[in-house]
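Participant: As input, take input_23.txt (compact mmCIF, C-alpha atoms):
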```txt
# COMPACT_ATOMS: atom_id res chain seq x y z
CA MET M 53 -0.40 -8.70 0.35
CA SER M 54 -3.35 -8.81 2.70
CA ARG M 55 -5.15 -5.59 1.99
CA GLN M 56 -8.83 -5.74 1.23
CA ALA M 57 -9.70 -5.27 -2.41
CA THR M 58 -10.61 -1.90 -3.81
CA PRO M 59 -14.38 -1.52 -3.36
CA SER M 60 -16.60 -1.17 -6.37
CA ALA M 61 -19.59 0.92 -7.23
CA ALA M 62 -21.31 -2.14 -8.68
CA PRO M 63 -24.71 -3.24 -7.28
CA ARG M 64 -24.69 -4.13 -3.62
CA ALA M 65 -25.26 -7.75 -2.68
CA GLY M 66 -27.78 -8.81 -0.13
CA ALA M 67 -31.51 -9.19 0.07
CA VAL M 68 -34.50 -6.96 -0.52
CA GLY M 69 -37.34 -8.72 1.21
CA SER M 70 -36.88 -12.34 0.14
CA ALA M 71 -35.28 -11.57 -3.22
CA PRO M 72 -31.47 -11.82 -3.20
CA VAL M 73 -29.50 -9.01 -4.78
CA PRO M 74 -26.61 -10.35 -6.88
CA PHE M 75 -22.92 -9.96 -6.22
CA GLY M 76 -21.29 -7.09 -8.08
CA GLN M 77 -17.65 -7.64 -7.12
CA PHE M 78 -15.65 -10.81 -7.70
CA ILE M 79 -12.29 -11.05 -5.91
CA VAL M 80 -10.20 -13.77 -7.52
CA LYS M 81 -7.09 -15.03 -5.74
CA VAL M 82 -4.85 -15.67 -8.73
CA HIS M 83 -1.90 -16.23 -6.39
CA GLY M 84 -2.19 -17.23 -2.75
CA ARG M 85 1.30 -16.38 -1.55
CA CYS M 86 3.15 -13.10 -1.11
CA ASN M 87 6.72 -12.01 -1.77
CA LEU M 88 6.57 -9.85 1.37
CA ALA M 89 6.32 -10.82 5.03
CA CYS M 90 4.65 -7.76 6.54
CA ARG M 91 4.87 -8.14 10.29
CA TYR M 92 1.26 -7.14 10.94
CA CYS M 93 -0.35 -9.22 8.17
CA TYR M 94 -3.68 -10.57 9.40
CA LEU M 95 -3.90 -13.03 6.51
CA TYR M 96 -0.62 -14.91 6.91
CA GLU M 97 0.18 -14.06 10.53
CA GLY M 98 -3.36 -14.11 11.90
CA PRO M 99 -5.57 -16.91 13.26
CA ASP M 100 -6.68 -18.31 9.91
CA ARG M 101 -4.54 -21.14 8.51
CA THR M 102 -6.61 -22.24 5.52
CA TRP M 103 -4.14 -20.67 3.08
CA ARG M 104 -1.51 -23.24 4.02
CA ASP M 105 -3.41 -26.09 2.38
CA ARG M 106 -4.20 -24.30 -0.87
CA PRO M 107 -2.08 -24.25 -4.04
CA ALA M 108 0.14 -21.23 -4.46
CA ALA M 109 -1.44 -20.23 -7.76
CA ALA M 110 -4.84 -20.77 -9.31
CA SER M 111 -4.71 -23.44 -12.01
CA PRO M 112 -5.96 -22.88 -15.58
CA ALA M 113 -8.98 -25.07 -14.71
CA VAL M 114 -9.87 -22.89 -11.72
CA LEU M 115 -9.56 -19.69 -13.74
CA GLU M 116 -11.56 -21.17 -16.61
CA ARG M 117 -14.39 -22.25 -14.34
CA THR M 118 -14.33 -18.98 -12.41
CA ALA M 119 -14.74 -16.98 -15.62
CA SER M 120 -17.73 -19.13 -16.56
CA ARG M 121 -19.33 -18.77 -13.14
CA ILE M 122 -18.92 -14.99 -13.16
CA ALA M 123 -20.46 -14.79 -16.63
CA GLU M 124 -23.29 -17.08 -15.53
CA HIS M 125 -24.08 -14.87 -12.53
CA ALA M 126 -24.01 -11.73 -14.66
CA ALA M 127 -26.30 -13.29 -17.25
CA VAL M 128 -28.82 -14.73 -14.79
CA HIS M 129 -29.16 -11.37 -13.03
CA ARG M 130 -28.78 -9.23 -16.16
CA LEU M 131 -26.00 -7.22 -14.59
CA ARG M 132 -24.92 -4.14 -16.48
CA GLU M 133 -21.60 -3.83 -14.66
CA ILE M 134 -19.34 -6.00 -12.51
CA ALA M 135 -16.01 -5.47 -10.79
CA LEU M 136 -13.28 -8.07 -11.20
CA VAL M 137 -10.47 -7.77 -8.65
CA LEU M 138 -7.27 -9.75 -9.24
CA HIS M 139 -5.92 -10.38 -5.79
CA GLY M 140 -3.56 -12.40 -3.62
CA GLY M 141 -1.16 -12.81 -1.93
CA GLU M 142 0.71 -10.87 -4.56
CA PRO M 143 -1.12 -11.34 -7.88
CA LEU M 144 1.82 -10.22 -10.02
CA LEU M 145 3.66 -13.40 -8.99
CA VAL M 146 1.71 -15.13 -11.79
CA GLY M 147 2.89 -12.55 -14.36
CA ALA M 148 1.12 -9.72 -16.12
CA ASP M 149 0.31 -11.83 -19.19
CA ARG M 150 -1.64 -14.39 -17.19
CA LEU M 151 -3.57 -11.67 -15.40
CA ALA M 152 -4.42 -10.07 -18.72
CA SER M 153 -5.46 -13.39 -20.23
CA PHE M 154 -7.85 -14.13 -17.39
CA ALA M 155 -9.35 -10.63 -17.48
CA GLU M 156 -9.96 -11.01 -21.22
CA ARG M 157 -11.60 -14.38 -20.64
CA VAL M 158 -14.05 -12.87 -18.18
CA ARG M 159 -14.83 -10.01 -20.55
CA ASP M 160 -15.34 -12.34 -23.50
CA ARG M 161 -17.78 -14.50 -21.55
CA ALA M 162 -19.72 -11.72 -19.89
CA PRO M 163 -23.14 -11.16 -21.44
CA ALA M 164 -23.55 -8.45 -24.05
CA GLY M 165 -23.90 -5.03 -22.47
CA CYS M 166 -22.21 -5.99 -19.21
CA ILE M 167 -19.15 -3.86 -18.47
CA VAL M 168 -16.32 -5.62 -16.63
CA ARG M 169 -14.12 -3.23 -14.67
CA THR M 170 -10.89 -4.96 -13.72
CA THR M 171 -8.38 -3.98 -11.05
CA VAL M 172 -5.24 -5.70 -9.80
CA GLN M 173 -4.28 -4.99 -6.19
CA THR M 174 -0.52 -5.19 -5.68
CA ASN M 175 2.20 -4.28 -3.18
CA ALA M 176 3.94 -2.50 -6.11
CA THR M 177 7.31 -4.22 -5.64
CA LEU M 178 6.99 -6.18 -8.90
CA LEU M 179 5.73 -3.32 -11.03
CA THR M 180 7.88 -2.51 -14.04
CA ASP M 181 7.21 -0.27 -16.99
CA ALA M 182 6.60 -3.30 -19.21
CA ARG M 183 4.21 -4.98 -16.77
CA ILE M 184 2.23 -1.80 -16.16
CA ALA M 185 1.97 -1.20 -19.89
CA ALA M 186 0.79 -4.77 -20.48
CA LEU M 187 -1.91 -4.48 -17.84
CA ALA M 188 -2.99 -1.07 -19.11
CA ARG M 189 -3.30 -2.37 -22.68
CA HIS M 190 -5.84 -4.86 -21.44
CA GLY M 191 -7.84 -2.29 -19.53
CA ILE M 192 -6.67 -3.41 -16.08
CA ASN M 193 -6.34 -0.67 -13.49
CA ILE M 194 -3.72 -0.98 -10.77
CA GLY M 195 -4.25 -0.35 -7.09
CA ILE M 196 -1.28 -0.39 -4.75
CA SER M 197 -0.91 -1.03 -1.02
CA LEU M 198 1.46 1.08 1.05
CA ASP M 199 1.65 2.21 4.66
CA GLY M 200 2.62 5.73 3.65
CA GLY M 201 4.83 7.59 1.22
CA LEU M 202 8.07 7.56 3.24
CA PRO M 203 10.50 4.75 4.08
CA ALA M 204 9.75 5.05 7.80
CA HIS M 205 6.06 4.47 7.18
CA ASN M 206 6.79 1.13 5.53
CA ALA M 207 9.30 -0.27 8.01
CA LEU M 208 7.07 -3.26 8.80
CA ARG M 209 6.66 -4.14 5.12
CA THR M 210 9.70 -6.35 4.58
CA ASP M 211 10.53 -9.28 2.33
CA ARG M 212 11.05 -12.77 3.70
CA ALA M 213 14.70 -12.04 4.40
CA GLY M 214 13.74 -9.01 6.48
CA ARG M 215 14.86 -6.49 3.86
CA PRO M 216 12.78 -3.34 3.39
CA SER M 217 10.29 -3.39 0.53
CA TRP M 218 10.15 0.40 0.20
CA PRO M 219 12.84 0.86 -2.49
CA ALA M 220 11.08 -1.53 -4.90
CA ALA M 221 7.57 -0.44 -3.90
CA SER M 222 8.35 3.25 -4.32
CA ARG M 223 9.89 2.65 -7.74
CA GLY M 224 6.77 0.80 -8.83
CA ALA M 225 4.46 3.42 -7.39
CA ARG M 226 6.29 6.27 -9.11
CA LEU M 227 6.34 4.43 -12.44
CA LEU M 228 2.59 4.05 -12.20
CA ALA M 229 2.01 7.65 -11.11
CA ASP M 230 4.40 9.30 -13.55
CA ARG M 231 4.15 7.18 -16.69
CA HIS M 232 0.81 5.35 -16.60
CA HIS M 233 -1.54 7.51 -14.57
CA GLU M 234 -4.49 6.43 -16.72
CA ALA M 235 -4.18 2.93 -15.19
CA TYR M 236 -3.76 4.15 -11.61
CA ALA M 237 -6.65 3.04 -9.38
CA GLY M 238 -5.29 4.48 -6.15
CA ILE M 239 -3.62 3.55 -2.86
CA LEU M 240 -4.80 1.49 0.09
CA ALA M 241 -3.17 2.47 3.38
CA VAL M 242 -3.77 1.20 6.90
CA VAL M 243 -4.19 3.79 9.65
CA ASP M 244 -1.34 3.81 12.16
CA PRO M 245 -1.96 6.27 15.01
CA ARG M 246 1.76 6.23 15.84
CA THR M 247 2.46 8.19 12.66
CA ASP M 248 1.93 11.88 12.12
CA PRO M 249 -1.40 11.90 10.24
CA VAL M 250 -0.80 14.97 8.10
CA GLU M 251 2.74 13.93 7.23
CA MET M 252 1.52 10.48 6.23
CA TYR M 253 -1.34 11.87 4.13
CA GLU M 254 0.88 14.39 2.36
CA SER M 255 3.53 11.75 1.69
CA LEU M 256 0.90 9.71 -0.14
CA LEU M 257 -0.25 12.80 -2.05
CA ALA M 258 3.31 13.01 -3.41
CA LEU M 259 2.58 9.73 -5.22
CA HIS M 260 -0.38 11.42 -6.99
CA PRO M 261 -3.06 8.80 -6.27
CA PRO M 262 -6.44 9.49 -7.88
CA ALA M 263 -8.05 7.87 -4.83
CA LEU M 264 -7.00 6.91 -1.34
CA ASP M 265 -8.50 4.29 0.96
CA LEU M 266 -7.68 4.71 4.64
CA LEU M 267 -8.35 1.39 6.33
CA LEU M 268 -8.59 0.64 10.03
CA PRO M 269 -6.38 -2.31 11.00
CA HIS M 270 -8.35 -5.51 11.37
CA GLY M 271 -8.97 -6.24 15.02
CA ASN M 272 -11.86 -7.18 17.28
CA TRP M 273 -12.89 -7.42 20.94
CA THR M 274 -10.88 -10.61 21.42
CA ALA M 275 -7.79 -9.46 19.51
CA PRO M 276 -7.83 -5.65 19.81
CA PRO M 277 -6.04 -3.42 17.28
CA PRO M 278 -2.62 -2.05 18.27
CA GLY M 279 -2.78 0.72 20.85
CA LEU M 280 -6.53 0.54 21.39
CA PRO M 281 -7.52 0.50 25.07
CA VAL M 282 -10.57 -1.76 24.99
CA THR M 283 -12.48 -4.07 27.27
CA HIS M 284 -15.14 -6.54 26.30
CA PRO M 285 -18.42 -4.73 25.49
CA ALA M 286 -20.23 -6.32 28.43
CA HIS M 287 -17.59 -4.99 30.83
CA SER M 288 -17.57 -1.43 29.52
CA ALA M 289 -19.53 1.52 30.89
CA HIS M 290 -20.83 1.90 27.32
CA PRO M 291 -21.02 -1.33 25.30
CA GLY M 292 -19.18 0.32 22.41
CA GLY M 293 -16.51 1.91 24.55
CA ILE M 294 -17.73 5.50 24.13
CA GLY M 295 -15.72 7.75 26.44
CA ARG M 296 -12.41 5.92 26.07
CA PRO M 297 -9.44 7.42 24.18
CA THR M 298 -9.91 7.43 20.41
CA PRO M 299 -6.44 7.26 18.80
CA TYR M 300 -7.73 6.05 15.43
CA GLY M 301 -10.60 8.53 15.35
CA ASP M 302 -8.27 11.39 16.30
CA TRP M 303 -5.85 10.39 13.53
CA LEU M 304 -8.61 10.29 10.92
CA CYS M 305 -10.04 13.63 12.07
CA ALA M 306 -6.62 15.24 11.63
CA VAL M 307 -6.38 13.95 8.08
CA PHE M 308 -9.95 15.05 7.38
CA ASP M 309 -9.11 18.58 8.54
CA ARG M 310 -6.19 18.62 6.11
CA TRP M 311 -8.25 17.17 3.22
CA TRP M 312 -11.57 19.01 3.66
CA PRO M 313 -10.53 22.69 3.40
CA ALA M 314 -7.97 22.22 0.62
CA GLY M 315 -8.44 24.70 -2.21
CA ARG M 316 -8.84 21.83 -4.66
CA ARG M 317 -9.62 18.16 -4.32
CA GLU M 318 -6.13 16.70 -4.23
CA THR M 319 -7.42 13.14 -4.17
CA LYS M 320 -10.55 11.21 -3.36
CA VAL M 321 -10.55 9.84 0.19
CA ARG M 322 -13.28 7.25 0.05
CA LEU M 323 -13.93 6.96 3.79
CA PHE M 324 -14.50 10.71 4.07
CA GLU M 325 -16.58 11.00 0.91
CA GLU M 326 -18.81 8.12 1.94
CA CYS M 327 -19.24 9.58 5.43
CA LEU M 328 -20.30 12.90 3.94
CA ALA M 329 -22.70 11.20 1.55
CA LEU M 330 -24.34 9.22 4.34
CA LEU M 331 -24.68 12.34 6.50
CA LEU M 332 -26.47 13.98 3.58
CA GLY M 333 -28.80 11.01 3.21
CA LEU M 334 -27.22 9.81 -0.02
CA PRO M 335 -26.41 6.18 -0.86
CA ALA M 336 -22.88 5.06 -0.13
CA ALA M 337 -20.92 1.88 -0.78
CA THR M 338 -18.30 1.24 1.84
CA GLU M 339 -17.75 -1.77 4.05
CA SER M 340 -16.79 0.39 7.02
CA LEU M 341 -19.82 2.68 7.14
CA GLY M 342 -23.53 2.61 6.37
CA LEU M 343 -26.09 -0.17 6.34
CA ASP M 344 -25.72 -1.34 2.75
CA PRO M 345 -24.57 -4.98 2.57
CA VAL M 346 -21.18 -5.72 1.06
CA ASN M 347 -21.33 -6.93 -2.54
CA ALA M 348 -18.11 -8.94 -2.76
CA ILE M 349 -17.41 -12.67 -3.00
CA VAL M 350 -13.99 -14.37 -3.12
CA VAL M 351 -12.65 -17.26 -5.20
CA GLU M 352 -9.55 -18.84 -3.68
CA THR M 353 -6.70 -20.47 -5.63
CA ASP M 354 -8.28 -23.93 -5.34
CA GLY M 355 -11.67 -22.71 -6.53
CA THR M 356 -13.18 -22.44 -3.06
CA ILE M 357 -15.83 -19.74 -2.74
CA GLU M 358 -15.32 -17.68 0.40
CA GLN M 359 -16.52 -14.54 2.09
CA ILE M 360 -14.17 -11.58 2.19
CA ASP M 361 -10.66 -11.93 3.64
CA SER M 362 -11.22 -9.56 6.54
CA LEU M 363 -13.26 -12.24 8.33
CA LYS M 364 -10.07 -14.31 8.58
CA SER M 365 -8.85 -11.87 11.20
CA ALA M 366 -11.53 -13.23 13.57
CA TYR M 367 -10.81 -16.96 13.74
CA ASP M 368 -9.61 -19.89 11.64
CA GLY M 369 -12.15 -20.70 8.93
CA ALA M 370 -14.35 -17.65 9.52
CA ALA M 371 -14.62 -16.89 5.79
CA ALA M 372 -15.43 -20.47 4.76
CA THR M 373 -18.67 -21.36 3.00
CA GLY M 374 -18.11 -25.00 2.02
CA LEU M 375 -18.77 -24.03 -1.59
CA ASP M 376 -16.58 -24.13 -4.70
CA ILE M 377 -16.87 -22.97 -8.29
CA PHE M 378 -16.88 -26.50 -9.72
CA ARG M 379 -19.97 -27.69 -7.83
CA HIS M 380 -21.75 -24.48 -6.88
CA THR M 381 -22.96 -21.24 -8.42
CA PHE M 382 -22.59 -17.76 -6.98
CA ASP M 383 -26.34 -17.85 -6.31
CA ASP M 384 -25.60 -20.73 -3.93
CA ALA M 385 -23.20 -18.36 -2.15
CA LEU M 386 -25.92 -15.70 -1.93
CA ARG M 387 -28.06 -18.18 -0.01
CA HIS M 388 -25.26 -19.24 2.35
CA PRO M 389 -26.12 -18.41 6.01
CA GLY M 390 -22.81 -16.65 6.55
CA VAL M 391 -23.44 -14.34 3.61
CA ALA M 392 -27.08 -13.80 4.56
CA ALA M 393 -26.06 -12.91 8.11
CA ARG M 394 -24.11 -9.94 6.80
CA HIS M 395 -27.07 -8.61 4.86
CA GLY M 396 -29.59 -8.18 7.65
CA GLY M 397 -29.21 -4.41 7.89
CA ALA M 398 -30.04 -2.78 11.21
CA ASP M 399 -31.90 -5.87 12.44
CA ALA M 400 -28.61 -7.82 12.52
CA LEU M 401 -26.83 -5.25 14.72
CA ALA M 402 -26.33 -5.19 18.47
CA ALA M 403 -29.12 -3.52 20.44
CA VAL M 404 -26.90 -0.58 21.38
CA CYS M 405 -26.23 0.05 17.68
CA ARG M 406 -29.90 -0.08 16.72
CA THR M 407 -30.68 2.74 19.18
CA CYS M 408 -27.65 4.89 18.28
CA PRO M 409 -28.39 8.24 16.57
CA LEU M 410 -25.47 7.59 14.20
CA LEU M 411 -26.88 4.24 13.02
CA THR M 412 -27.50 5.13 9.39
CA VAL M 413 -24.02 6.62 9.01
CA CYS M 414 -21.89 4.26 11.08
CA GLY M 415 -23.95 1.17 10.29
CA GLY M 416 -22.26 -0.73 13.09
CA GLY M 417 -18.84 -0.41 11.50
CA HIS M 418 -16.90 -3.10 9.67
CA TYR M 419 -18.42 -6.56 10.23
CA ALA M 420 -15.10 -8.21 11.10
CA HIS M 421 -14.41 -5.60 13.77
CA ARG M 422 -17.51 -6.64 15.75
CA TYR M 423 -16.31 -10.14 16.57
CA ARG M 424 -16.00 -11.37 20.15
CA ALA M 425 -15.06 -14.99 20.83
CA GLY M 426 -18.03 -16.91 22.15
CA HIS M 427 -20.45 -14.15 21.14
CA GLY M 428 -20.05 -13.95 17.37
CA PHE M 429 -20.49 -10.69 15.47
CA ALA M 430 -23.58 -9.24 17.17
CA ASN M 431 -21.53 -6.61 18.99
CA PRO M 432 -20.64 -2.97 18.39
CA SER M 433 -17.45 -2.42 16.45
CA VAL M 434 -14.27 -2.50 18.51
CA TYR M 435 -13.76 0.92 16.86
CA CYS M 436 -17.17 2.21 18.04
CA ALA M 437 -15.71 5.16 19.96
CA ASP M 438 -13.33 6.03 17.12
CA LEU M 439 -16.13 5.94 14.55
CA ASP M 440 -18.31 8.06 16.82
CA ARG M 441 -15.47 10.59 17.03
CA LEU M 442 -14.98 10.67 13.25
CA VAL M 443 -18.64 10.84 12.24
CA ARG M 444 -19.48 13.61 14.69
CA HIS M 445 -16.39 15.56 13.62
CA VAL M 446 -17.29 15.29 9.94
CA ALA M 447 -20.89 16.25 10.74
CA ASP M 448 -19.68 19.36 12.56
CA ARG M 449 -17.46 20.40 9.66
CA LEU M 450 -20.30 19.80 7.20
CA ALA M 451 -22.68 21.88 9.33
CA GLU M 452 -20.14 24.73 9.46
CA ALA M 453 -19.71 24.64 5.70
CA THR M 454 -23.44 24.73 5.00
CA ALA M 455 -24.47 27.13 7.77
CA GLY M 456 -24.85 30.02 5.34
CA ASP M 457 -26.64 28.04 2.62
CA PRO M 458 -30.22 29.10 1.79
CA PRO M 459 -32.94 26.73 3.03
```
Step by step, read the file and then write its structure as structure tokens.

Facilitator:
Amino acid sequence: MSRQATPSAAPRAGAVGSAPVPFGQFIVKVHGRCNLACRYCYLYEGPDRTWRDRPAAASPAVLERTASRIAEHAAVHRLREIALVLHGGEPLLVGADRLASFAERVRDRAPAGCIVRTTVQTNATLLTDARIAALARHGINIGISLDGGLPAHNALRTDRAGRPSWPAASRGARLLADRHHEAYAGILAVVDPRTDPVEMYESLLALHPPALDLLLPHGNWTAPPPGLPVTHPAHSAHPGGIGRPTPYGDWLCAVFDRWWPAGRRETKVRLFEECLALLLGLPAATESLGLDPVNAIVVETDGTIEQIDSLKSAYDGAAATGLDIFRHTFDDALRHPGVAARHGGADALAAVCRTCPLLTVCGGGHYAHRYRAGHGFANPSVYCADLDRLVRHVADRLAEATAGDPP
């Protein structure tokens, strides 16, 4: 399972002046393989090959040391809350008991007064009533990854024999929704402009998620996302591609127009809520929008400390830091040039982004989506035109809704 982890509301990592801000989200790869072979998977089918040389599962020694390092970081920085994300691959391949044991170890070692919020991100195919109950007993919330709520939406999510994963995934999702809703973190779904946006959104609503993350597929200027008509920024009339068709922006706008006027909030849609918050000048914590630096760090199955998985969609080794939890602290990771480069705010963006009127809302888009071979990440997002379409659409709807408000 190669979805990005569920974002946290924990403190944002980065730097204020010369003082580093600590990590608030720790993504631990408890298992580095997956029981599915999704045809679009950027992690196992993309340019990065580092996973091939790592053990399938994290050893007890790796998990022990990781728990200590997380507790150390929380203590040094006097963190009041951290997010622990149990990730993969498919994390349930190690079993619910092992996940629960590790989560308890982190909680036990965290300093007094520090709340540890734990989530497991799964493709749902291995969820059973007993496993969900075991995770819930240990305070572990469960996020699931689907491409929609209908079999046709999940046609590319197959097992290694090419069999559809939907029957098992839908059973797991409905068990979680119907019998253990208190442990339900929500659904991650990748935008596919070939689908009907309202049908896809409403099919996910039928699974009663408390929250929904709509993610743009990982792509960049060198390896464009499916169906996106792009040219290199230097060869475009506008360096971000403004003026071209916006299939992903159009799709998101259609879902927004279904979500926004609903008589009640049927579910949280994080991308939309963060966009609205940023338009209103409020702080927001999303990797796809805004200028706040991402707060997550990854521990791989061999104990390697890496940047977030999405960077692996750019080139082989893009997420590497050269650090590991046996020889290095998470403060060492804060000082790593690759991490620091992502925390430069507006100054680290392409010139066209720094002069854009949507800068504080768009924030240059997802870091991985800016990559261009030979030119690094100092480019507009490959989704620049789509983000422009979405942000302006949301701004228009917000203006309409507040037009009659008193000053």

Participant: Please tell me which residues are no farther than 8 Å from (-23.0, -16.2, -8.3) in the file, counting only C-alpha atoms, and write them as a PyMOL selection string.

Facilitator: chain M and resi 74-75+121-122+124-126+381-386

Participant: So that I can see what lies close to M:Asp248, please list as an MDAnalysis selection string the residues with an atom at most 12 Å from it, counting all atoms listed in the file and leaving out residues fewer than 2 positions away in the same chain.

Facilitator: chainID M and resid 200 202 204:205 243:246 250:255 299:300 302:304 306:307

Participant: Would you list the contacts of stretch 422-424 of chain M as a VMD selection string, taking every protein, DNA or RNA residue within 7 Å and counting all atoms listed in the file, but skipping same-chain residues closer than 5 positions in sequence?

Facilitator: chain M and resid 272 to 274 366 429 to 434

Participant: Residues of stretch 101-176 of chain M within 8 Å of stretch 370-379 of chain M: nearest atom pair and distance (Å, one decimal) for each, counting all atoms listed in the file, sorted by chain and number, as a Markdown table?

Facilitator:
```
| residue | atom | partner | partner_atom | distance |
| --- | --- | --- | --- | --- |
| M:Val114 | CA | M:Ile377 | CA | 7.8 |
| M:Arg117 | CA | M:Ile377 | CA | 6.6 |
| M:Thr118 | CA | M:Ile377 | CA | 6.3 |
| M:Arg121 | CA | M:Ile377 | CA | 6.9 |
```

Participant: Just the number, please: distance in Å from atom CA of M:Val73 to atom CA of M:Ala393, one decimal.

Facilitator: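 Distance between the two atoms: 13.9 Å.
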